[in-house]
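Asker: Shown below is the structure under consideration.
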Protein chains: 2
Amino acid sequence: MTKPRRGVRFPGRGVNGHVSSDGRRSSFSEISEDGSGSPVKTKSSPQLDDINEKAPERPQMSDYEKKKANFLTRTFWTFVMIGGFFAALFSGHIYIIACITAVQIVSFKEVIAIASVPSRARQLRPTKSLNWYWLATTMYFLYGETVIYYFKHIVLVDKVLLPLATHHRFISFVLYVIGFVFFVANLKAGHLKFQFTNFAWTHMALYLIVVQAHFVMNNVFEGMIWFFLPAALVITNDIFAYICGITFGRTQLIKLSPKKTVEGFIGAWIMTIIWAVFLTNVLMRSKYFICPVNDLGASIFTGLECDPNPVFLPHTYTLPYLFFLPEGTSFSFTTEPMQFHAIVLATFASLIAPFGGFFASGLKRTFKIKDFGDSIPGHGGMTDRMDCQFIMGFFAFIYYQTFIAQHKVNVGNVMELAITGLAPEEQIELIKGVSRYLVNQGVWGPEVSICLSQFYKMFANQLSSGS
Amino acid sequence: MTKPRRGVRFPGRGVNGHVSSDGRRSSFSEISEDGSGSPVKTKSSPQLDDINEKAPERPQMSDYEKKKANFLTRTFWTFVMIGGFFAALFSGHIYIIACITAVQIVSFKEVIAIASVPSRARQLRPTKSLNWYWLATTMYFLYGETVIYYFKHIVLVDKVLLPLATHHRFISFVLYVIGFVFFVANLKAGHLKFQFTNFAWTHMALYLIVVQAHFVMNNVFEGMIWFFLPAALVITNDIFAYICGITFGRTQLIKLSPKKTVEGFIGAWIMTIIWAVFLTNVLMRSKYFICPVNDLGASIFTGLECDPNPVFLPHTYTLPYLFFLPEGTSFSFTTEPMQFHAIVLATFASLIAPFGGFFASGLKRTFKIKDFGDSIPGHGGMTDRMDCQFIMGFFAFIYYQTFIAQHKVNVGNVMELAITGLAPEEQIELIKGVSRYLVNQGVWGPEVSICLSQFYKMFANQLSSGS
């Protein structure tokens with residue numbers, strides 16, 4: 001297998017070099033970032049390539065052989081990724097979270113690496129370690145927020161975790177400030193430009209990749225469908241854009257990416273909407289997909305149980321009376337409200353998410369690189385595959401929180417209120433009140449009442465001796 | 001008045017030019033950013049200055065005259081700023097918010113301007129407008145969050161404001177995405193480096209200035225003291241550092257700023273703590289300072305009324321028994337807990353906040369500028385005066401929220417939530433959770449634990465027979 005690596009091209013006549021590097025991206029998702037193919041040309045002319053090239057170590061391959069080898073590598077790894085993804089998807093939420101974390105870290109690594117390319121010579125150790133420190137701090141902050149939000153009932157009664165939870169933002173801030181002071185204390189005249197660029201760049205990467213990817217994890221907790229549907233729509237939109245583009249494509253869409261056409265863009269939108277309605281219909285049948293995570297051990301085989309959010313329940317819509325129809329005529333149809341939300345998600349995936357990809361293309365051009373890295377053989381970097389996913393996941397998160405989430409009262413948030421907001425005497429009063437309510441309601445039988453009355457006495461003793 | 005402007009120095013022998021520009025920063029707060037004085041030297045040698053200088057339009061002034069003129073301008077504007085600040089402080093919270101907003105906008109303008117200095121020639125109109133669009137979007141988001149948080153009772157009953165409030169994050173996201181798409185659509189080959197740098201830079205400015213300054217506004221809402229005390233401590237620490245520095249200063253503190261000394265740094269810390277205790281003692285006497293804003297029309301004359309937060313109420317502390325003292329001896333003293341918090345704030349203002357200033361100095365060196373702008377005659381840019389304030393305000397916010405804020409929750413509303421919002425099993429889980437918490441915290445002794453364990457068994461029986 002001849003796997004071309006970044007910056008190393010095969011010897012041969014200049015043109016071949018380009019065919020080879022184009023061949024790498026000849027499969028379906030070419031559309032998504034092909035605009036970045038050209039920078040290679042601007043970086044060094046074919047003639048220069050020939051001079052810079054090291055002596056060939058292997059016999060020269062024909063165009064056809066190279067294309068075929070590339071195609072095979074790429075296809076093989078496409079299936080590996082798809083297989084791995086579905087395995088994780090079905091094994092449970094924890095596995096998907098692990099996948100997202102891995103994608104997050106690899107993408108972060110790729111993105112911070114490209115900014116330090118021009119300054120690779122200057123090996124500023126502290127700056128490099130600091131990048132990882134920022135990542136660790138940000139992840140500590142974000143994971144902490146998520147864990148506290150979703151696992152309140154566990155975190156708040158644990159003696160070790162409680163102080164970490166109630167001071168979480170303060171601790172994260174202190175960690176951040178330590179990094180900040182370290183950064184400032186290590187500023188060196190002569191390296192300032194590099195250090196500040198690195199600082200700004202790392203913060204951009206944290207914000208564009210780590211923060212956004214994190215919202216995707218929250219989507220997983222809200223129900224697998226809120227993660228899977230947006231991700232699937234972005235990928236399929238890419239494919240539809242390619243198909244529509246090569247079939248009808250005529251008008252160029254954006255200056256930066258010559259191969260993207262208006263016809264591909266619009267055609268993919270229509271196709272993605274149809275596909276979204278179909279896919280949603282299928283996914284809604286599985287409670288594993290529509291239920292929020294109430295059991296982290298769940299997999300597709302054990303399934304999940306919950307009262308589904310009302311958006312997944314069929315609803316009959318009656319169309320408004322249209323003046324040109326005979327009086328009394330009315331049309332109505334029954335569908336799940338989720339279908340309308342799926343159309344909104346599909347529209348975002350088709351019309352807005354690609355701009356995440358264009359943004360990534362522009363970045364690659366700016367730094368005159370072809371791919372963000374070589375994490376996935378035959379595909380380039382992780383970021384190249386994920387560029388449209390981050391903004392899509394963020395949108396899905398905000399959309400879910402605004403229009404779908406039911407802010408139901410649960411034990412976790414009542415307990416949080418009681419533990420963080422009430423004084424011990426008030427907490428005891430709460431226990432007494434709720435217990436009395438349960439006895440009154442007949443939930444607790446008389447035998448509990450007897451213990452309860454003893455208990456009350458102890459409360460009283462405790463209080464009088466305690467305070 | 002001869003006011004030296006950025007980049008324009010007075011004619012004369014080279015050395016004079018430097019004396020003149022140093023003279024500008026000869027008053028007390030010299031310490032805070034003097035490290036930035038040197039870049040002027042590196043930018044152009046004195047000899048070059050003489051050549052580049054335009055023909056003198058005014059008669060040459062002596063060193064003494066220039067220094068005097070500068071000193072007068074600077075002193076005059078110092079008093080204007082102090083006067084304006086106290087006028088706003090006493091006129092009411094709205095006026096202080098307006099001041100902070102103005103500082104925020106001016107600083108943002110200065111900071112984004114320095115990044116476009118090297119590319120001033122390329123007048124990319126859309127990019128420039130976009131900077132202001134990002135600012136507007138960020139401010140809409142942040143102000144909205146604050147208004148919704150502090151004025152729930154007004155916002156949530158208003159027919160017009162309600163949908164804006166319930167969809168606030170979604171609307172902000174959509175506004176942001178519009179800007180993002182506009183940015184990507186306007187990417188132009190050949191300008192990419194500039195455009196992406198601008199994007200990253202603007203986001204850094206939004207994060208470092210606008211977001212942090214915004215937390216300062218939240219401090220104002222929590223009570224004037226939470227805004228005034230941190231701000232005052234940073235300013236006075238600057239003065240103390242200067243005084244201690246010129247008096248005892250010997251050891252250099254940081255490579256970037258030759259005039260900052262360890263002695264000044266440590267001396268200022270001690271002085272700032274003493275001053276913080278004194279200032280806090282004075283401020284705590286005024287309810288205008290310690291009460292949260294419950295009336296936006298309040299001023300120092302009308303005052304504010306509230307039950308003060310317990311940190312402002314005297315508390316008697318008994319020191320632990322010391323082994324070398326006769327038995328039975330004990331020391332106790334009475335003070336407000338706020339005094340300890342004031343010491344923490346003073347410590348941050350002395351030891352950490354200056355790093356905000358060092359960061360700004362480093363930035364100015366990187367861009368080879370002396371000041372961020374000329375917004376305040378005789379003082380340089382707004383950012384030069386505020387560089388340590390942003391991180392201090394952010395710290396005060398996080399500190400207040402973590403250790404001081406009382407999340408006004410009472411037994412009544414927690415019980416209401418528990419009884420109306422939870423199912424019986426969940427209520428039992430709540431009782432178990434809170435009980436376990438009380439035992440963990442040591443509020444409930446072991447004798448309660450024994451009954452509790454019996455109790456748990458009954459819970460279990462009850463649950464298994466009940467469900």
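Quick note on naming: the chains in the structure tokens go A, B, ... in the order shown, residues restart at 1 in each chain, and ligands are numbered from 1 in order of appearance.
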I'd like the neighbourhood of Ile254 in chain B as a PyMOL selection string, where a residue qualifies if any of its atoms comes within 10 Å (using only C-alpha atoms), though same-chain residues fewer than 4 positions away should be ignored.
Answerer: (chain A and resi 184-188) or (chain B and resi 35+258-262+358)
Asker: Write out as a compact mmCIF listing (two decimals) with N, CA and C atoms, in the first residue's frame each polymer residue whose atoms come within 9 Å of range 167-176 of chain B, counting only C-alpha atoms; drop sequence neighbours fewer than 2 positions from it.
Answerer:
# COMPACT_ATOMS: atom_id res chain seq x y z
N PHE A 395 -25.68 23.39 16.91
CA PHE A 395 -27.04 23.79 16.55
C PHE A 395 -28.07 22.83 17.14
N ILE A 398 -28.53 23.55 20.85
CA ILE A 398 -29.30 24.77 21.16
C ILE A 398 -30.75 24.56 20.77
N TYR A 399 -30.97 23.93 19.62
CA TYR A 399 -32.33 23.70 19.14
C TYR A 399 -33.08 22.80 20.10
N GLN A 401 -32.44 22.30 23.30
CA GLN A 401 -32.67 22.97 24.59
C GLN A 401 -33.79 24.00 24.48
N THR A 402 -33.89 24.65 23.32
CA THR A 402 -34.89 25.72 23.19
C THR A 402 -36.27 25.18 22.90
N PHE A 403 -36.37 24.23 21.98
CA PHE A 403 -37.70 23.86 21.49
C PHE A 403 -38.19 22.49 21.95
N TYR B 133 -20.28 43.66 14.17
CA TYR B 133 -21.42 42.74 14.25
C TYR B 133 -21.17 41.70 15.35
N TRP B 134 -19.95 41.16 15.43
CA TRP B 134 -19.64 40.18 16.49
C TRP B 134 -19.84 40.82 17.85
N THR B 137 -23.55 41.14 18.58
CA THR B 137 -24.14 39.83 18.89
C THR B 137 -23.75 39.37 20.29
N THR B 138 -22.46 39.50 20.60
CA THR B 138 -22.00 39.07 21.93
C THR B 138 -22.68 39.88 23.02
N TYR B 140 -25.55 41.47 22.82
CA TYR B 140 -26.97 41.08 22.88
C TYR B 140 -27.12 39.82 23.72
N PHE B 141 -26.27 38.86 23.46
CA PHE B 141 -26.33 37.60 24.21
C PHE B 141 -26.10 37.83 25.71
N GLY B 144 -28.68 40.10 27.46
CA GLY B 144 -29.92 39.33 27.56
C GLY B 144 -29.87 38.36 28.72
N GLU B 145 -28.75 37.62 28.83
CA GLU B 145 -28.61 36.67 29.93
C GLU B 145 -28.77 37.38 31.28
N ILE B 148 -32.39 38.62 31.85
CA ILE B 148 -33.29 37.51 32.15
C ILE B 148 -33.05 37.00 33.56
N LEU B 162 -41.36 37.92 26.74
CA LEU B 162 -41.33 36.49 27.06
C LEU B 162 -40.72 35.62 25.96
N PRO B 163 -41.21 35.73 24.70
CA PRO B 163 -40.59 34.87 23.67
C PRO B 163 -39.12 35.18 23.46
N LEU B 164 -38.73 36.45 23.60
CA LEU B 164 -37.31 36.78 23.48
C LEU B 164 -36.51 36.11 24.59
N ALA B 165 -37.11 36.05 25.77
CA ALA B 165 -36.41 35.45 26.91
C ALA B 165 -36.32 33.94 26.78
N ILE B 178 -25.35 33.76 11.48
CA ILE B 178 -25.44 34.68 10.34
C ILE B 178 -24.09 35.35 10.11
N GLY B 179 -23.47 35.81 11.17
CA GLY B 179 -22.15 36.42 11.06
C GLY B 179 -21.13 35.43 10.51
N PHE B 180 -21.19 34.21 11.00
CA PHE B 180 -20.24 33.18 10.60
C PHE B 180 -20.36 32.89 9.09
N VAL B 181 -21.61 32.72 8.63
CA VAL B 181 -21.84 32.43 7.21
C VAL B 181 -21.36 33.61 6.36
Asker: If you run DSSP on this backbone, which residues of range 255-405 of chain A come out as strand (DSSP E), and could you give them as a PyMOL selection string?
Answerer: chain A and resi 257-261+315-318+332-335
Asker: What gap, in Å, lies between CA of Tyr317 in chain B and CA of Thr280 in chain B?
Answerer: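 Answer for the CA of Tyr317 in chain B to CA of Thr280 in chain B separation: 18.3 Å.
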Asker: Between B:Leu279, B:Ala189, B:Leu296, B:Ile246, which is the closest to chain A once you count only C-alpha atoms?
Answerer: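 Distance minimum relative to chain A lands on B:Ala189.
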Asker: Would you list the contacts of Val414 in chain A as a CSV table (one decimal) with N, CA and C atoms, in the first residue's frame, taking every protein, DNA or RNA residue within 8 Å and counting only C-alpha atoms, but skipping same-chain residues closer than 5 positions in sequence?
Answerer:
chain,number,residue,atom,x,y,z
A,409,VAL,N,-39.2,18.5,36.6
A,409,VAL,CA,-38.5,18.5,37.9
A,409,VAL,C,-38.1,17.1,38.1
B,414,VAL,N,-38.8,24.5,48.1
B,414,VAL,CA,-38.3,23.2,47.8
B,414,VAL,C,-39.3,22.2,48.0
B,417,LEU,N,-41.8,22.1,45.2
B,417,LEU,CA,-41.3,21.4,44.1
B,417,LEU,C,-41.4,19.9,44.3
B,418,ALA,N,-40.9,19.5,45.5
B,418,ALA,CA,-40.8,18.0,45.8
B,418,ALA,C,-42.2,17.4,45.7
B,430,LEU,N,-35.5,11.3,47.4
B,430,LEU,CA,-35.1,12.6,47.9
B,430,LEU,C,-34.8,12.5,49.4
